[in-house]
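One structure below.
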Amino acid sequence: MKLSAILTLFLILNLFFCQGCIASDLKIPIASSQLDPQDCPGCDFSEANLSGRDLQGANLENANLTQANLKETNLQSANLKGAMLENANLTKANLTDAQLQGAKLNRANLSETILIKAQLQGANLNDANLSSARLNNAKLISAQLVNAKLTGAKLTGTNLNGANLCSAIMPNGARSTQSCP
């Protein structure tokens, strides 16, 4: 095996089994590698292209996915507690049963995303686009949804106790009249 192939394999394995690693520091282009961050809590995947990946059950707790492209990614049952997903593209992603407690999803694009039974307690979804998202039976207890766009979203069985919906656009297109704190 050539030295360059051995070095590349070492870098990929190092990133795969990392704790708090930064993908860009290892100079591995996420979009073209064979890397799937299945167990990478605290890792930095900001601006990474992970679109279309199968990350079902992945542990990305406290990971930085700011401005990441997660379009059509399977994150079913993934652990994203405390993850930074600001300005991330999660269009048409599958987040069924995902753990997103305390996640920061402000300004994220979650249009047409499946969030059935997702745990979003205390999550920040300010200015997020949740148009046509499926939030059936999701838990948004004490979540922040200021100026969130929920046009056409499915909220059957969704728990919004204590959620801040100040100026949010509701599923029927009307702006929430909830007073801002």
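By convention here, the chains of the structure tokens are called A, B, ... in the order presented, each chain's residues are numbered starting at 1, and ligands are numbered starting at 1 in the order presented.
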Practice task
Looking only at helix (DSSP H, G or I) from DSSP on the backbone, list the matching residues of stretch 15-140 of chain A as JSON, numbers by chain.
Solution key: {"A": [15, 16, 23, 24, 25, 26, 30, 31, 32]}
Dump of N, CA and C atoms for the selected residues, as a tab-separated table (two decimals), in the first residue's frame:
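Output contents, as saved in again25.tsv:
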chain	number	residue	atom	x	y	z
A	15	LEU	N	-10.53	10.88	12.23
A	15	LEU	CA	-11.72	11.72	12.24
A	15	LEU	C	-12.95	10.90	12.64
A	16	PHE	N	-13.04	9.66	12.17
A	16	PHE	CA	-14.20	8.83	12.45
A	16	PHE	C	-14.35	8.54	13.94
A	23	ALA	N	-13.08	18.66	11.22
A	23	ALA	CA	-12.86	18.02	9.91
A	23	ALA	C	-11.95	18.85	9.04
A	24	SER	N	-12.11	20.18	9.03
A	24	SER	CA	-11.31	21.01	8.15
A	24	SER	C	-9.83	20.99	8.53
A	25	ASP	N	-9.51	20.78	9.82
A	25	ASP	CA	-8.11	20.73	10.25
A	25	ASP	C	-7.40	19.51	9.69
A	26	LEU	N	-8.14	18.45	9.42
A	26	LEU	CA	-7.54	17.23	8.89
A	26	LEU	C	-7.46	17.24	7.37
A	30	ILE	N	-15.16	16.48	3.27
A	30	ILE	CA	-16.28	15.63	3.70
A	30	ILE	C	-17.12	15.16	2.53
A	31	ALA	N	-17.39	16.06	1.57
A	31	ALA	CA	-18.29	15.73	0.47
A	31	ALA	C	-17.77	14.59	-0.39
A	32	SER	N	-16.46	14.41	-0.48
A	32	SER	CA	-15.93	13.39	-1.37
A	32	SER	C	-15.31	12.20	-0.64
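Neighbours of stretch 140-142 of chain A closer than or equal to 8 Å, with only C-alpha atoms counted and sequence neighbours fewer than 2 positions away skipped, come out as Gln119, Leu120, Gln121, Gly122, Ala123, Ala138, Gln144, Thr158, Asn159, Leu160, Asn161, Gly162, Ala163 and Asn164 of chain A.
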Once you have the residues from the selection above, write them out as a PDB file, in the first residue's frame, restricted to N, CA, C and O atoms.
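Below is the file that was written, selection-v4.pdb:
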ATOM      1  N   GLN A 119     -37.669  15.203  19.537  1.00  0.00           N
ATOM      2  CA  GLN A 119     -37.562  15.807  20.864  1.00  0.00           C
ATOM      3  C   GLN A 119     -36.843  17.151  20.697  1.00  0.00           C
ATOM      4  O   GLN A 119     -35.627  17.190  20.518  1.00  0.00           O
ATOM      5  N   LEU A 120     -37.602  18.237  20.739  1.00  0.00           N
ATOM      6  CA  LEU A 120     -37.051  19.581  20.509  1.00  0.00           C
ATOM      7  C   LEU A 120     -37.222  20.482  21.734  1.00  0.00           C
ATOM      8  O   LEU A 120     -37.276  21.701  21.609  1.00  0.00           O
ATOM      9  N   GLN A 121     -37.272  19.894  22.915  1.00  0.00           N
ATOM     10  CA  GLN A 121     -37.458  20.675  24.122  1.00  0.00           C
ATOM     11  C   GLN A 121     -36.311  21.672  24.282  1.00  0.00           C
ATOM     12  O   GLN A 121     -35.141  21.306  24.216  1.00  0.00           O
ATOM     13  N   GLY A 122     -36.674  22.954  24.460  1.00  0.00           N
ATOM     14  CA  GLY A 122     -35.679  23.998  24.667  1.00  0.00           C
ATOM     15  C   GLY A 122     -34.845  24.338  23.446  1.00  0.00           C
ATOM     16  O   GLY A 122     -33.870  25.074  23.548  1.00  0.00           O
ATOM     17  N   ALA A 123     -35.217  23.835  22.290  1.00  0.00           N
ATOM     18  CA  ALA A 123     -34.464  24.129  21.065  1.00  0.00           C
ATOM     19  C   ALA A 123     -34.715  25.564  20.609  1.00  0.00           C
ATOM     20  O   ALA A 123     -35.774  26.137  20.854  1.00  0.00           O
ATOM     21  N   ALA A 138     -44.339  15.728  17.879  1.00  0.00           N
ATOM     22  CA  ALA A 138     -43.039  16.252  18.305  1.00  0.00           C
ATOM     23  C   ALA A 138     -43.206  16.981  19.631  1.00  0.00           C
ATOM     24  O   ALA A 138     -44.287  17.429  19.981  1.00  0.00           O
ATOM     25  N   GLN A 144     -37.978  27.912  21.332  1.00  0.00           N
ATOM     26  CA  GLN A 144     -38.039  29.278  20.829  1.00  0.00           C
ATOM     27  C   GLN A 144     -38.350  29.224  19.333  1.00  0.00           C
ATOM     28  O   GLN A 144     -37.574  28.667  18.557  1.00  0.00           O
ATOM     29  N   THR A 158     -48.607  17.651  18.461  1.00  0.00           N
ATOM     30  CA  THR A 158     -47.362  18.326  18.851  1.00  0.00           C
ATOM     31  C   THR A 158     -47.548  19.042  20.183  1.00  0.00           C
ATOM     32  O   THR A 158     -48.548  19.712  20.409  1.00  0.00           O
ATOM     33  N   ASN A 159     -46.577  18.903  21.071  1.00  0.00           N
ATOM     34  CA  ASN A 159     -46.615  19.551  22.373  1.00  0.00           C
ATOM     35  C   ASN A 159     -45.828  20.859  22.298  1.00  0.00           C
ATOM     36  O   ASN A 159     -44.611  20.855  22.162  1.00  0.00           O
ATOM     37  N   LEU A 160     -46.564  21.981  22.369  1.00  0.00           N
ATOM     38  CA  LEU A 160     -45.965  23.319  22.295  1.00  0.00           C
ATOM     39  C   LEU A 160     -46.047  24.054  23.637  1.00  0.00           C
ATOM     40  O   LEU A 160     -45.940  25.274  23.680  1.00  0.00           O
ATOM     41  N   ASN A 161     -46.212  23.312  24.740  1.00  0.00           N
ATOM     42  CA  ASN A 161     -46.320  23.947  26.059  1.00  0.00           C
ATOM     43  C   ASN A 161     -45.087  24.805  26.339  1.00  0.00           C
ATOM     44  O   ASN A 161     -43.956  24.334  26.258  1.00  0.00           O
ATOM     45  N   GLY A 162     -45.333  26.074  26.664  1.00  0.00           N
ATOM     46  CA  GLY A 162     -44.249  26.994  27.007  1.00  0.00           C
ATOM     47  C   GLY A 162     -43.418  27.458  25.822  1.00  0.00           C
ATOM     48  O   GLY A 162     -42.431  28.164  25.999  1.00  0.00           O
ATOM     49  N   ALA A 163     -43.790  27.071  24.603  1.00  0.00           N
ATOM     50  CA  ALA A 163     -43.034  27.500  23.415  1.00  0.00           C
ATOM     51  C   ALA A 163     -43.281  28.976  23.144  1.00  0.00           C
ATOM     52  O   ALA A 163     -44.377  29.484  23.353  1.00  0.00           O
ATOM     53  N   ASN A 164     -42.274  29.672  22.683  1.00  0.00           N
ATOM     54  CA  ASN A 164     -42.379  31.083  22.335  1.00  0.00           C
ATOM     55  C   ASN A 164     -42.640  31.183  20.838  1.00  0.00           C
ATOM     56  O   ASN A 164     -41.741  30.951  20.033  1.00  0.00           O
TER      57      ASN A 164
END
Go through stretch 83-155 of chain A residue by residue and, counting only C-alpha atoms, keep those with an atom at most 6 Å from stretch 65-73 of chain A; for each kept residue give the shortest atom pair and its distance in Å to one decimal, ordered by chain and increasing number, as CSV.
residue,atom,partner,partner_atom,distance
A:Met84,CA,A:Leu65,CA,5.5
A:Leu85,CA,A:Thr66,CA,4.6
A:Glu86,CA,A:Thr66,CA,4.8
A:Asn87,CA,A:Gln67,CA,4.7
A:Ala88,CA,A:Gln67,CA,4.2
A:Asn89,CA,A:Asn69,CA,4.9
A:Leu90,CA,A:Lys71,CA,4.7
A:Thr91,CA,A:Lys71,CA,4.8
A:Lys92,CA,A:Glu72,CA,4.8
A:Ala93,CA,A:Glu72,CA,4.2
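We find atom CA of A:Gln99 and atom CA of A:Asn64 to be spaced 15.2 Å apart.
The closest residue to A:Gln38, picked from A:Leu125, A:Leu55, A:Leu50, A:Ala103 and counting only C-alpha atoms, is A:Leu55.
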Go through stretch 72-129 of chain A and flag each residue having an atom no more than 10 Å from stretch 151-157 of chain A; for those, report the closest pair of atoms plus their distance in Å to one decimal, using only C-alpha atoms, ordered by chain and rising number, as JSON lines.
{"residue": "A:Ser111", "atom": "CA", "partner": "A:Ala153", "partner_atom": "CA", "distance": 8.7}
{"residue": "A:Glu112", "atom": "CA", "partner": "A:Ala153", "partner_atom": "CA", "distance": 8.2}
{"residue": "A:Thr113", "atom": "CA", "partner": "A:Ala153", "partner_atom": "CA", "distance": 9.5}
{"residue": "A:Ile114", "atom": "CA", "partner": "A:Lys154", "partner_atom": "CA", "distance": 9.7}
{"residue": "A:Leu115", "atom": "CA", "partner": "A:Lys154", "partner_atom": "CA", "distance": 9.7}
{"residue": "A:Ile116", "atom": "CA", "partner": "A:Leu155", "partner_atom": "CA", "distance": 9.2}
{"residue": "A:Lys117", "atom": "CA", "partner": "A:Gly157", "partner_atom": "CA", "distance": 9.2}
{"residue": "A:Asn129", "atom": "CA", "partner": "A:Thr151", "partner_atom": "CA", "distance": 8.7}
Okay, now the selection with N, CA, C and O atoms, as a compact mmCIF listing (two decimals), in the first residue's frame?
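selection_28.txt written:
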# COMPACT_ATOMS: atom_id res chain seq x y z
N SER A 111 -37.64 23.11 5.72
CA SER A 111 -38.84 22.95 4.90
C SER A 111 -38.96 21.51 4.42
O SER A 111 -37.97 20.88 4.04
N GLU A 112 -40.18 20.98 4.51
CA GLU A 112 -40.51 19.62 4.11
C GLU A 112 -39.73 18.56 4.89
O GLU A 112 -39.60 17.42 4.45
N THR A 113 -39.22 18.93 6.05
CA THR A 113 -38.46 18.01 6.88
C THR A 113 -39.41 17.16 7.73
O THR A 113 -40.44 17.63 8.17
N ILE A 114 -39.05 15.91 7.96
CA ILE A 114 -39.84 15.01 8.78
C ILE A 114 -39.28 15.05 10.19
O ILE A 114 -38.13 14.65 10.44
N LEU A 115 -40.08 15.58 11.11
CA LEU A 115 -39.69 15.71 12.52
C LEU A 115 -40.70 14.98 13.41
O LEU A 115 -40.94 15.39 14.54
N ILE A 116 -41.27 13.91 12.91
CA ILE A 116 -42.27 13.15 13.66
C ILE A 116 -41.63 12.58 14.92
O ILE A 116 -40.55 11.97 14.86
N LYS A 117 -42.27 12.84 16.07
CA LYS A 117 -41.81 12.38 17.38
C LYS A 117 -40.42 12.92 17.76
O LYS A 117 -39.76 12.37 18.64
N ASN A 129 -37.16 28.13 8.94
CA ASN A 129 -38.18 27.85 7.94
C ASN A 129 -38.64 26.41 8.12
O ASN A 129 -37.90 25.47 7.82
Practice task
Give me, please, the distance in Å between atom CA of A:Asn106 and atom CA of A:Val146, quoted to one decimal.
Solution key: 9.3 Å
